[in-house]
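The file target.txt contains compact mmCIF, C-alpha atoms:
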# COMPACT_ATOMS: atom_id res chain seq x y z
CA MET O 1 18.59 -5.63 22.74
CA GLU O 2 14.97 -4.57 22.59
CA LEU O 3 13.87 -0.99 22.91
CA THR O 4 12.01 -0.28 26.12
CA ASP O 5 8.63 1.43 26.08
CA ASP O 6 10.27 4.54 27.51
CA GLU O 7 12.85 4.58 24.75
CA LEU O 8 10.14 4.09 22.16
CA ALA O 9 8.06 6.88 23.64
CA GLU O 10 11.01 9.24 23.52
CA LEU O 11 11.76 8.35 19.91
CA TYR O 12 8.11 8.74 18.97
CA ASP O 13 7.87 12.14 20.59
CA ARG O 14 10.99 13.26 18.84
CA TYR O 15 10.51 11.85 15.35
CA ALA O 16 6.95 10.72 14.65
CA HIS O 17 5.63 14.13 13.63
CA VAL O 18 8.69 14.77 11.45
CA LEU O 19 8.13 11.51 9.61
CA PHE O 20 4.40 12.12 9.40
CA HIS O 21 4.91 15.52 7.82
CA ARG O 22 7.30 14.10 5.26
CA CYS O 23 5.27 10.95 4.41
CA ARG O 24 2.17 13.07 3.95
CA ARG O 25 3.99 15.00 1.26
CA ILE O 26 4.36 11.84 -0.75
CA LEU O 27 1.10 10.08 0.12
CA ARG O 28 -1.05 13.22 0.36
CA ASN O 29 -3.25 11.62 2.97
CA ASP O 30 -3.15 11.86 6.78
CA GLU O 31 -4.30 8.30 7.41
CA ASP O 32 -1.79 6.81 5.01
CA ALA O 33 0.95 9.00 6.43
CA ASN O 34 0.12 7.82 9.93
CA ASP O 35 0.23 4.26 8.67
CA ALA O 36 3.68 4.91 7.23
CA VAL O 37 4.84 6.28 10.57
CA GLN O 38 3.52 3.26 12.44
CA GLU O 39 5.15 0.89 9.99
CA THR O 40 8.45 2.74 10.24
CA PHE O 41 8.41 2.50 14.03
CA ALA O 42 7.49 -1.17 13.80
CA LYS O 43 10.66 -1.63 11.76
CA VAL O 44 12.59 0.30 14.38
CA ILE O 45 11.36 -2.22 16.95
CA ARG O 46 12.22 -5.17 14.73
CA ASN O 47 15.69 -3.82 13.99
CA ALA O 48 16.52 -2.32 17.34
CA ASP O 49 20.16 -3.37 17.26
CA THR O 50 20.77 -1.84 13.85
CA PHE O 51 18.81 1.23 14.81
CA ARG O 52 20.90 1.84 17.91
CA GLN O 53 24.02 2.05 15.76
CA GLN O 54 22.70 4.93 13.65
CA SER O 55 24.33 8.30 14.13
CA SER O 56 21.22 9.91 12.68
CA PRO O 57 18.10 7.94 13.60
CA LEU O 58 15.98 10.20 11.42
CA THR O 59 18.10 9.45 8.37
CA TRP O 60 17.63 5.73 8.92
CA MET O 61 13.89 6.13 9.40
CA TYR O 62 13.70 8.35 6.33
CA ALA O 63 15.08 5.56 4.19
CA ILE O 64 12.65 3.04 5.69
CA SER O 65 9.65 5.30 5.23
CA THR O 66 10.63 6.11 1.66
CA ASN O 67 10.42 2.48 0.64
CA TYR O 68 7.12 2.10 2.42
CA CYS O 69 5.58 5.22 0.88
CA LEU O 70 6.66 4.35 -2.63
CA ASN O 71 5.28 0.85 -2.31
CA GLN O 72 2.01 2.32 -1.12
CA VAL O 73 1.89 4.65 -4.10
CA ARG O 74 2.63 1.73 -6.41
CA ASN O 75 -0.11 -0.41 -4.88
CA ARG O 76 -2.52 2.47 -4.95
CA ASN O 77 -1.85 3.07 -8.64
CA THR O 78 -2.33 -0.61 -9.42
CA ARG O 79 -5.67 -0.68 -7.65
CA ARG O 80 -6.84 2.52 -9.25
CA ASP O 81 -5.87 1.32 -12.71
CA LYS O 82 -7.80 -1.88 -12.25
CA ARG O 83 -10.87 -0.13 -10.95
CA GLU O 84 -10.76 2.42 -13.73
CA ASN O 85 -10.51 -0.31 -16.30
CA HIS O 86 -13.44 -2.11 -14.86
CA LYS O 87 -15.60 0.98 -14.80
CA ALA O 88 -14.90 1.71 -18.42
CA GLU O 89 -15.78 -1.85 -19.25
CA ILE O 90 -19.18 -1.89 -17.63
CA GLY O 91 -20.10 1.69 -18.40
CA GLY O 92 -20.47 2.76 -14.80
CA PRO O 93 -19.73 6.18 -13.44
CA SER O 94 -16.21 7.30 -14.14
CA VAL O 95 -13.69 7.62 -11.40
CA VAL O 96 -13.49 11.15 -10.11
CA GLU O 97 -9.87 12.16 -10.03
CA PRO O 98 -8.49 15.23 -8.35
CA SER O 99 -8.35 18.05 -10.81
CA GLY O 100 -5.54 20.44 -11.43
CA GLU O 101 -2.31 20.25 -13.36
CA ALA O 102 -0.27 20.07 -10.20
CA ARG O 103 -1.88 16.87 -9.04
CA GLU O 104 -1.61 15.40 -12.52
CA ASP O 105 2.09 16.21 -12.67
CA HIS O 106 2.58 14.76 -9.22
CA ALA O 107 0.79 11.59 -10.26
CA ARG O 108 2.71 11.33 -13.54
CA ILE O 109 6.01 11.60 -11.76
CA LEU O 110 5.03 8.98 -9.24
CA ALA O 111 3.82 6.74 -12.05
CA LEU O 112 7.10 7.20 -13.85
CA LEU O 113 8.93 6.16 -10.71
CA ASP O 114 7.05 2.87 -10.76
CA ASP O 115 9.25 1.67 -13.60
CA ALA O 116 12.49 2.59 -11.90
CA ASP O 117 14.49 0.24 -9.71
CA ASP O 118 14.32 0.74 -5.96
CA GLU O 119 17.61 2.58 -5.62
CA THR O 120 16.80 4.96 -8.44
CA ARG O 121 13.37 5.63 -7.02
CA ALA O 122 14.87 6.47 -3.68
CA CYS O 123 17.49 8.73 -5.29
CA VAL O 124 14.83 10.67 -7.18
CA VAL O 125 12.51 10.99 -4.21
CA HIS O 126 15.22 12.17 -1.85
CA THR O 127 16.59 14.59 -4.43
CA PHE O 128 13.35 16.12 -5.66
CA PHE O 129 10.77 15.48 -2.94
CA ASP O 130 13.04 16.04 0.03
CA GLU O 131 15.42 18.46 -1.65
CA CYS O 132 18.33 16.50 -0.28
CA THR O 133 21.82 17.30 -1.46
CA ARG O 134 23.55 14.57 -3.39
CA GLN O 135 25.63 13.84 -0.32
CA GLU O 136 22.52 13.39 1.82
CA THR O 137 20.90 11.25 -0.85
CA ALA O 138 24.00 9.11 -1.09
CA GLN O 139 23.93 8.58 2.65
CA LEU O 140 20.23 7.73 2.63
CA VAL O 141 20.47 5.24 -0.20
CA GLY O 142 23.87 3.83 0.63
CA LEU O 143 25.48 4.74 -2.69
CA SER O 144 28.37 6.97 -3.68
CA VAL O 145 27.70 10.53 -4.81
CA PRO O 146 28.76 9.81 -8.42
CA THR O 147 26.44 6.82 -8.50
CA VAL O 148 23.57 8.94 -7.21
CA ARG O 149 24.26 11.51 -9.93
CA LYS O 150 24.34 8.76 -12.55
CA ARG O 151 21.10 7.17 -11.33
CA ILE O 152 19.28 10.49 -11.42
CA ASN O 153 20.59 11.40 -14.85
CA THR O 154 19.59 8.02 -16.21
CA PHE O 155 16.11 8.46 -14.77
CA LEU O 156 15.81 11.95 -16.22
CA ASP O 157 16.93 10.77 -19.64
CA ARG O 158 14.26 8.11 -19.62
CA ALA O 159 11.67 10.55 -18.37
CA ARG O 160 12.56 12.94 -21.15
CA ARG O 161 12.26 10.23 -23.76
CA GLN O 162 8.98 8.88 -22.44
CA LEU O 163 7.11 11.92 -21.29
CA GLY O 164 8.86 14.94 -22.72
CA ALA O 165 9.89 18.20 -21.19
CA ALA O 166 6.64 18.80 -19.36
CA VAL O 167 7.37 16.17 -16.75
CA LEU O 168 10.91 17.37 -16.35
CA LEU O 169 9.61 20.87 -15.77
CA ALA O 170 7.28 19.49 -13.12
CA LEU O 171 10.18 17.61 -11.58
CA ALA O 172 12.25 20.77 -11.51
CA THR O 173 9.57 22.53 -9.54
CA LEU O 174 8.47 19.52 -7.52
CA PRO O 175 9.20 20.94 -4.06
CA ASP O 176 7.05 23.98 -4.85
CA LEU O 177 4.45 21.73 -6.41
CA ILE O 178 4.29 19.59 -3.31
CA ARG O 179 4.01 22.61 -1.07
CA SER O 180 0.98 23.65 -3.11
CA LEU O 181 -0.62 20.30 -2.40
CA THR O 182 -0.06 20.13 1.34
CA MET V 1 16.36 23.34 -18.46
CA SER V 2 17.95 23.62 -15.05
CA LEU V 3 16.68 21.13 -12.52
CA ASN V 4 16.17 22.24 -8.98
CA VAL V 5 18.82 20.11 -7.32
CA ASN V 6 19.94 21.27 -3.91
CA GLU V 7 23.64 22.03 -4.11
CA GLY V 8 23.89 22.60 -0.37
CA ASP V 9 22.81 26.23 -0.48
CA ARG V 10 19.60 25.51 1.41
CA PRO V 11 18.48 23.00 4.00
CA SER V 12 16.79 19.85 2.75
CA LEU V 13 13.59 18.54 4.23
CA LEU V 14 15.74 15.95 5.96
CA GLY V 15 17.91 18.73 7.34
CA LEU V 16 14.86 20.62 8.56
CA GLY V 17 13.58 17.43 10.15
CA ARG V 18 16.87 16.84 11.91
CA LEU V 19 16.80 20.43 13.12
CA ALA V 20 13.20 20.10 14.33
CA SER V 21 13.93 16.86 16.15
CA GLY V 22 16.99 18.26 17.88
CA GLU V 23 19.21 15.73 16.22
CA LEU V 24 21.83 18.21 15.01
CA ASP V 25 24.75 19.30 17.14
CA ALA V 26 25.34 22.98 17.88
CA THR V 27 27.57 23.59 14.85
CA ALA V 28 25.20 21.93 12.41
CA THR V 29 22.23 23.67 14.00
CA ALA V 30 23.86 27.03 13.53
CA ALA V 31 24.69 26.19 9.92
CA VAL V 32 21.13 25.17 9.07
CA GLU V 33 19.61 28.11 10.91
CA GLY V 34 21.88 30.40 8.93
CA GLN V 35 20.37 29.06 5.71
CA LEU V 36 16.72 29.27 6.68
CA SER V 37 14.48 31.14 4.28
CA ASP V 38 10.94 32.21 5.02
CA ALA V 39 9.69 29.14 3.18
CA ASP V 40 11.89 26.91 5.32
CA ARG V 41 10.52 28.51 8.49
CA LEU V 42 7.03 27.74 7.25
CA VAL V 43 8.04 24.13 6.73
CA LEU V 44 9.37 24.02 10.30
CA GLU V 45 6.02 25.36 11.49
CA GLU V 46 4.26 22.68 9.46
CA ILE V 47 6.43 20.01 11.03
CA GLU V 48 5.64 21.24 14.52
CA ALA V 49 1.94 21.47 13.68
CA ALA V 50 2.06 17.84 12.57
CA ARG V 51 2.41 16.86 16.24
CA SER V 52 -1.34 17.28 16.56
CA GLN V 53 -2.03 15.13 13.51
CA VAL V 54 0.21 12.17 14.11
CA ALA V 55 -1.40 9.18 15.80
CA PRO V 56 -0.92 9.07 19.58
CA PHE V 57 1.90 6.91 20.85
CA ASP V 58 0.75 3.39 21.61
CA ALA V 59 3.61 1.10 22.51
CA ALA V 60 1.46 -2.02 22.55
CA ALA V 61 0.06 -1.34 19.09
CA LEU V 62 3.53 -0.73 17.70
CA ARG V 63 4.83 -3.94 19.23
CA ARG V 64 1.89 -5.90 17.82
CA ARG V 65 2.64 -4.46 14.42
CA ALA V 66 6.29 -5.35 14.77
CA SER V 67 5.71 -8.86 16.05
CA PRO V 68 5.84 -11.91 13.78
CA ALA V 69 2.55 -13.29 12.56
CA PRO V 70 0.62 -15.25 15.16
CA SER V 71 0.39 -18.95 14.47
CA VAL V 72 -2.98 -20.15 13.25
CA THR V 73 -2.06 -23.82 13.35
CA GLU V 74 -3.69 -24.18 16.75
CA ALA V 75 -6.96 -23.00 15.33
CA PRO V 76 -9.38 -25.56 13.94
CA ALA V 77 -8.51 -26.42 10.37
CA VAL V 78 -12.09 -27.04 9.38
CA PRO V 79 -14.84 -24.53 8.72
CA THR V 80 -16.56 -23.20 11.77
CA PRO V 81 -19.91 -24.78 12.69
CA ALA V 82 -21.61 -21.61 11.54
CA ASN V 83 -20.05 -21.99 8.12
CA ARG V 84 -20.97 -25.64 7.83
CA SER V 85 -24.55 -25.16 8.88
CA GLY V 86 -24.96 -22.24 6.52
CA ARG V 87 -23.59 -23.96 3.45
CA GLY V 88 -26.80 -25.50 2.22
CA LEU V 89 -28.72 -22.32 2.82
CA TRP V 90 -26.35 -20.22 0.77
CA LEU V 91 -26.29 -22.73 -2.05
CA SER V 92 -30.05 -22.42 -2.19
CA LEU V 93 -29.95 -18.65 -2.07
CA LEU V 94 -27.38 -18.55 -4.83
CA ALA V 95 -29.51 -20.79 -7.00
CA LEU V 96 -32.50 -18.56 -6.35
CA ALA V 97 -30.52 -15.49 -7.20
CA ALA V 98 -29.46 -17.08 -10.46
CA LEU V 99 -33.08 -17.76 -11.38
CA LEU V 100 -34.11 -14.22 -10.55
CA LEU V 101 -31.33 -12.66 -12.52
CA GLY V 102 -32.09 -14.75 -15.58
CA GLY V 103 -29.31 -15.75 -17.87
CA LEU V 104 -26.90 -15.86 -14.95
CA VAL V 105 -25.59 -19.37 -15.05
CA VAL V 106 -24.34 -20.38 -11.67
CA SER V 107 -21.98 -23.23 -11.30
CA MET V 108 -21.03 -24.13 -7.75
CA GLN V 109 -18.49 -26.80 -8.69
CA VAL V 110 -16.00 -27.19 -5.89
CA PRO V 111 -12.52 -27.35 -7.41
CA THR V 112 -11.21 -30.57 -6.05
CA THR V 113 -9.67 -32.08 -9.14
CA PRO V 114 -6.28 -33.45 -8.21
CA GLU V 115 -4.43 -32.09 -11.24
CA ARG V 116 -5.01 -28.53 -10.07
CA PRO V 117 -2.56 -26.96 -7.66
CA ASP V 118 -3.61 -27.80 -4.13
CA ILE V 119 -3.27 -24.16 -3.18
CA GLN V 120 -6.48 -23.52 -5.06
CA PHE V 121 -9.34 -23.50 -2.61
CA ARG V 122 -12.75 -22.37 -1.64
CA SER V 123 -13.14 -22.25 2.06
CA GLY V 124 -16.67 -21.13 2.68
CA ASP V 125 -19.87 -19.69 1.40
CA ALA V 126 -19.62 -16.01 2.13
CA LEU V 127 -17.59 -15.14 -0.96
CA GLN V 128 -18.31 -16.17 -4.52
CA VAL V 129 -16.22 -15.40 -7.59
CA PHE V 130 -17.78 -14.83 -10.99
CA VAL V 131 -16.22 -14.51 -14.42
CA LEU V 132 -17.55 -12.34 -17.22
CA GLU V 133 -18.43 -14.40 -20.28
CA GLY V 134 -19.94 -12.31 -23.00
CA LYS V 135 -22.28 -10.03 -21.14
CA ALA V 136 -23.05 -12.41 -18.31
CA LEU V 137 -21.20 -13.12 -15.11
CA VAL V 138 -20.99 -16.85 -14.52
CA ALA V 139 -19.71 -18.59 -11.43
CA TRP V 140 -16.04 -19.36 -11.57
CA GLY V 141 -15.63 -23.06 -12.15
CA GLY V 142 -12.07 -23.57 -11.03
CA GLU V 143 -10.31 -22.80 -14.30
CA ARG V 144 -7.08 -20.84 -14.56
CA LEU V 145 -7.73 -17.12 -14.89
CA GLY V 146 -5.55 -15.21 -17.30
CA GLU V 147 -4.76 -11.60 -17.98
CA ASP V 148 -7.73 -9.38 -18.86
CA THR V 149 -10.25 -11.84 -17.46
CA VAL V 150 -13.08 -9.84 -15.91
CA VAL V 151 -14.18 -11.11 -12.50
CA GLY V 152 -16.91 -10.06 -10.12
CA PHE V 153 -17.79 -11.01 -6.57
CA LYS V 154 -20.77 -11.71 -4.38
CA VAL V 155 -20.60 -11.71 -0.62
CA ASN V 156 -22.97 -12.81 2.10
CA ALA V 157 -24.43 -9.62 3.53
CA THR V 158 -26.65 -11.23 6.15
CA GLY V 159 -25.83 -9.83 9.55
CA ARG V 160 -22.90 -7.84 8.20
CA ARG V 161 -22.36 -4.11 8.06
CA GLY V 162 -19.50 -4.05 5.62
CA VAL V 163 -16.76 -5.99 3.87
CA VAL V 164 -13.22 -5.57 2.70
CA LEU V 165 -12.35 -7.53 -0.43
CA LEU V 166 -8.66 -7.97 -0.88
CA SER V 167 -6.33 -10.17 -2.83
CA VAL V 168 -3.18 -11.88 -1.71
CA ALA V 169 -0.77 -12.88 -4.45
CA ASP V 170 1.54 -15.80 -3.96
CA ASP V 171 4.42 -13.39 -3.45
CA GLY V 172 2.55 -11.96 -0.47
CA GLU V 173 1.45 -8.70 -2.04
CA VAL V 174 -1.88 -7.63 -0.61
CA ASP V 175 -4.22 -5.32 -2.54
CA VAL V 176 -7.52 -3.91 -1.35
CA PHE V 177 -10.12 -3.83 -4.12
CA TRP V 178 -13.19 -2.94 -2.09
CA PRO V 179 -13.69 -0.40 -0.66
CA GLU V 180 -12.33 1.82 -3.35
CA GLY V 181 -9.61 3.93 -1.86
CA GLY V 182 -8.53 1.12 0.42
CA ARG V 183 -9.85 2.54 3.68
CA GLY V 184 -12.81 1.71 5.88
CA MET V 185 -15.27 -0.89 4.66
CA GLU V 186 -17.51 -1.40 1.65
CA PRO V 187 -20.98 -0.98 3.15
CA LEU V 188 -23.33 -3.92 2.76
CA ARG V 189 -27.08 -3.78 2.49
CA GLY V 190 -29.64 -6.50 2.03
CA GLN V 191 -29.58 -10.16 2.88
CA GLY V 192 -27.87 -13.16 1.43
CA LEU V 193 -25.42 -12.99 -1.42
CA VAL V 194 -25.16 -9.48 -2.80
CA PRO V 195 -22.90 -8.40 -5.65
CA LEU V 196 -20.11 -5.99 -5.02
CA ASP V 197 -20.43 -3.00 -7.27
CA GLY V 198 -18.18 -3.47 -10.25
CA THR V 199 -15.70 -5.98 -11.53
CA LEU V 200 -11.96 -6.33 -11.87
CA ILE V 201 -9.84 -6.86 -14.93
CA LEU V 202 -7.09 -9.21 -13.92
CA ASP V 203 -3.49 -8.40 -14.57
CA ASP V 204 -0.79 -10.74 -15.86
CA LEU V 205 0.01 -12.32 -12.51
CA GLN V 206 1.39 -15.85 -12.79
CA GLY V 207 0.86 -18.39 -10.03
CA SER V 208 -1.95 -18.19 -7.51
CA GLU V 209 -4.01 -15.41 -6.01
CA ALA V 210 -6.39 -15.56 -3.09
CA PHE V 211 -9.41 -13.30 -2.95
CA VAL V 212 -10.39 -12.73 0.66
CA ALA V 213 -13.56 -11.20 2.07
CA VAL V 214 -13.12 -9.81 5.56
CA PHE V 215 -16.38 -8.71 7.14
CA ASP V 216 -16.97 -5.88 9.60
CA THR V 217 -13.29 -5.04 9.74
CA ALA V 218 -11.50 -1.90 8.60
CA ALA V 219 -9.31 -2.28 5.54
CA ASP V 220 -6.03 -1.52 7.25
CA THR V 221 -6.75 -4.14 9.91
CA ALA V 222 -7.80 -6.65 7.27
CA VAL V 223 -4.60 -6.08 5.33
CA ASP V 224 -2.57 -6.47 8.49
CA GLN V 225 -4.30 -9.76 9.28
CA ALA V 226 -3.83 -11.02 5.72
CA GLU V 227 -0.14 -10.16 5.77
CA ARG V 228 0.29 -11.95 9.08
CA ALA V 229 -1.54 -15.00 7.77
CA PHE V 230 0.62 -15.03 4.66
CA ALA V 231 3.77 -14.63 6.71
CA ASP V 232 2.68 -17.62 8.74
CA GLY V 233 2.27 -19.98 5.83
CA GLY V 234 1.92 -18.34 2.44
CA LEU V 235 -1.42 -18.81 0.71
CA ARG V 236 -1.99 -21.90 2.83
CA GLY V 237 -1.69 -19.64 5.84
CA VAL V 238 -4.36 -17.43 4.30
CA ARG V 239 -6.58 -20.45 3.85
CA GLN V 240 -6.07 -21.50 7.45
CA TRP V 241 -6.85 -18.00 8.61
CA ALA V 242 -10.06 -17.92 6.57
CA ASP V 243 -11.09 -21.40 7.70
CA ALA V 244 -10.47 -20.64 11.34
CA THR V 245 -11.92 -17.16 11.54
CA ALA V 246 -15.57 -16.24 11.56
CA GLY V 247 -16.14 -13.30 9.26
CA VAL V 248 -13.34 -14.21 6.86
CA ASP V 249 -13.79 -16.16 3.65
CA ALA V 250 -11.30 -16.82 0.90
CA VAL V 251 -11.14 -18.22 -2.59
CA ALA V 252 -7.81 -18.95 -4.24
CA VAL V 253 -7.58 -19.11 -7.99
CA PRO V 254 -4.79 -20.28 -10.28
CA ARG V 255 -3.53 -17.39 -12.36
CA GLY V 256 -1.68 -17.19 -15.60
CA GLN V 257 -2.23 -18.35 -19.13
CA GLU V 258 -5.90 -18.78 -19.68
CA VAL V 259 -7.04 -22.21 -20.75
CA ARG V 260 -10.74 -21.52 -20.95
Rewritten as structure tokens:
Amino acid sequence: MELTDDELAELYDRYAHVLFHRCRRILRNDEDANDAVQETFAKVIRNADTFRQQSSPLTWMYAISTNYCLNQVRNRNTRRDKRENHKAEIGGPSVVEPSGEAREDHARILALLDDADDETRACVVHTFFDECTRQETAQLVGLSVPTVRKRINTFLDRARRQLGAAVLLALATLPDLIRSLT
Amino acid sequence: MSLNVNEGDRPSLLGLGRLASGELDATATAAVEGQLSDADRLVLEEIEAARSQVAPFDAAALRRRASPAPSVTEAPAVPTPANRSGRGLWLSLLALAALLLGGLVVSMQVPTTPERPDIQFRSGDALQVFVLEGKALVAWGGERLGEDTVVGFKVNATGRRGVVLLSVADDGEVDVFWPEGGRGMEPLRGQGLVPLDGTLILDDLQGSEAFVAVFDTAADTAVDQAERAFADGGLRGVRQWADATAGVDAVAVPRGQEVR
């Protein structure tokens, strides 16, 4: 059964700003965060029956918005890489990137996540961006707690091999790092 | 090194969000409130402050976003009269531009050879694709474009304020290449075909990719329209959308192993 406009309005008033705040932490941009909120609510409309069955609507919307945000980050990185390549090729002005180690670490971690599978990406984001407990992460991703632990450890092992301890240190302090960016 | 995993000794951002939205029952609320640190209280203040930054509720806009793509099959499947009447003019302008630039060899061959995938198309005159050969950009002649091929674009700026140049891959992924940053529009100045600043180095995509110029439309709207068109009929849906819509032009190229 479809959600009525009144039901939608109530949900929006209750959850939109919570989702916006959280999506902005990942996307670091108000407009993109608003887009993520709109897309999440569009999915609520499309999946009204499933949504009505959720004991925690926010948890369900969190999972939806996570996928959306990470896809946006992935697309953004792809575009930026292409544009950077082109500018180097033709000798034009270089792309001005935000300065500061914090932003670089944030970007490196997000780039590292690009290579992970969707479930692992979600596990890492919920654990380190949202500071979720393993139980919360398991609920969000739909996996068992041991599987969440295994996915995160596998990701960290790969991160350590590929990028060394510096990225792991950044990951360890990611919540503080993100607070410094918002 | 000890990673900062929450072992349940502090509320997560999800927990704070559930508290802020009133989703927790009395017991859970008391438990979370008992764990709140000063930093958590600041986060709760940030969440509340976000009310003023989130887009206003618009039920109609949300429902439009949630609705399936509108059908474009009822729209005319041929170029608009404006496109047809302008074709000769833009061919002439392109030829003139080639002469002025010197060394820029322009080939306007329409890719109609039957052995090519029929998804390949050029639907109008407002978007031209060029390929870097040596140090010169030459008009794309319909060949397959492989990884690391450098491509550039010209768009018809006459009567237009700005353009969004995006690509639609045959898996439906939409990327905005102009404007950089993916928001707003790339401003246009001048008349006739003007080059977009810069080029792209193509990735290793296999299959087909449509480059679409959407004029005087914000990037997020253009992406939304492209996604709807693709949902309606894949890259053919994109072609129909471009053919039927004034201010939209598309060129689809075969991608993959280069045969040039």
Produce a table with one row for each residue of chain V that has an atom at most 7 Å from any atom of chain O, each row naming the nearest atom pair and its distance in Å at one decimal; use only C-alpha atoms; arrange rows by chain and rising residue number; format as a Markdown table.
| residue | atom | partner | partner_atom | distance |
| --- | --- | --- | --- | --- |
| V:Leu3 | CA | O:Ala172 | CA | 4.6 |
| V:Asn4 | CA | O:Ala172 | CA | 4.9 |
| V:Val5 | CA | O:Thr127 | CA | 6.6 |
| V:Asn6 | CA | O:Thr133 | CA | 5.0 |
| V:Glu7 | CA | O:Thr133 | CA | 5.7 |
| V:Gly8 | CA | O:Thr133 | CA | 5.8 |
| V:Ser12 | CA | O:Cys132 | CA | 4.8 |
| V:Leu13 | CA | O:Asp130 | CA | 4.9 |
| V:Leu14 | CA | O:Asp130 | CA | 6.5 |
| V:Gly17 | CA | O:Val18 | CA | 5.7 |
| V:Arg18 | CA | O:Leu58 | CA | 6.7 |
| V:Ser21 | CA | O:Arg14 | CA | 5.4 |
| V:Ile47 | CA | O:Val18 | CA | 5.7 |
| V:Ala50 | CA | O:His17 | CA | 5.3 |
| V:Arg51 | CA | O:His17 | CA | 5.0 |
| V:Val54 | CA | O:His17 | CA | 5.8 |
| V:Ala55 | CA | O:Asn34 | CA | 6.2 |
| V:Phe57 | CA | O:Tyr12 | CA | 6.7 |
| V:Ala59 | CA | O:Asp5 | CA | 6.2 |
| V:Leu62 | CA | O:Ala42 | CA | 5.6 |
| V:Arg63 | CA | O:Ala42 | CA | 6.7 |
| V:Arg65 | CA | O:Ala42 | CA | 5.9 |
| V:Ala66 | CA | O:Ala42 | CA | 4.5 |
| V:Asp175 | CA | O:Asn75 | CA | 6.8 |
| V:Phe177 | CA | O:Arg79 | CA | 6.5 |
| V:Gly198 | CA | O:His86 | CA | 6.8 |
| V:Thr199 | CA | O:His86 | CA | 5.6 |
| V:Leu200 | CA | O:His86 | CA | 5.4 |
| V:Ile201 | CA | O:His86 | CA | 6.0 |
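Across the model, the gap from CA of Asp220 (chain V) to CA of Phe130 (chain V) is 25.5 Å.
The spacing separating CA of Phe230 (chain V) from CA of Asp249 (chain V) amounts to 14.5 Å.
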Exercise for the section: Name the residues in contact with region 205-218 of chain V at a cut-off of 7 Å, using all atoms listed in the file, excluding same-chain residues fewer than 4 positions from it; report them as a ChimeraX atom specification. Expected result: /V:127,160-170,183-185,222,247-256
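You will find CA of Thr29 (chain V) at 9.7 Å from CA of Leu16 (chain V).
Among the candidates O:Ala138, O:Val124, O:Asn71, O:Asp49, the one nearest to Asn153 (chain O) when counting only C-alpha atoms is O:Val124.
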Once 8 Å is added on each side, what are the centre and the three edge lengths, in Å to one decimal, of the axis-aligned box enclosing the listed atoms of region 227-233 of chain V? Present them as JSON.
{"center_x": 1.1, "center_y": -15.1, "center_z": 6.9, "size_x": 21.3, "size_y": 25.8, "size_z": 20.4}
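Distances here use only C-alpha atoms; by that measure, the residue among V:Ser52, V:Thr27, V:Gln35, V:Gln225 closest to Asp9 (chain V) is V:Gln35.
Each of O:Asn67, O:Gln54, O:Gln139, O:Thr147 was compared to Asp114 (chain O) using all atoms listed in the file, and O:Asn67 turns out to be the nearest.
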Problem - Residue neighbourhood Ala122 (chain O), 8 Å, only C-alpha atoms, exclusion window fewer than 6 positions, as a ChimeraX atom specification - result: /O:63,66-67,141
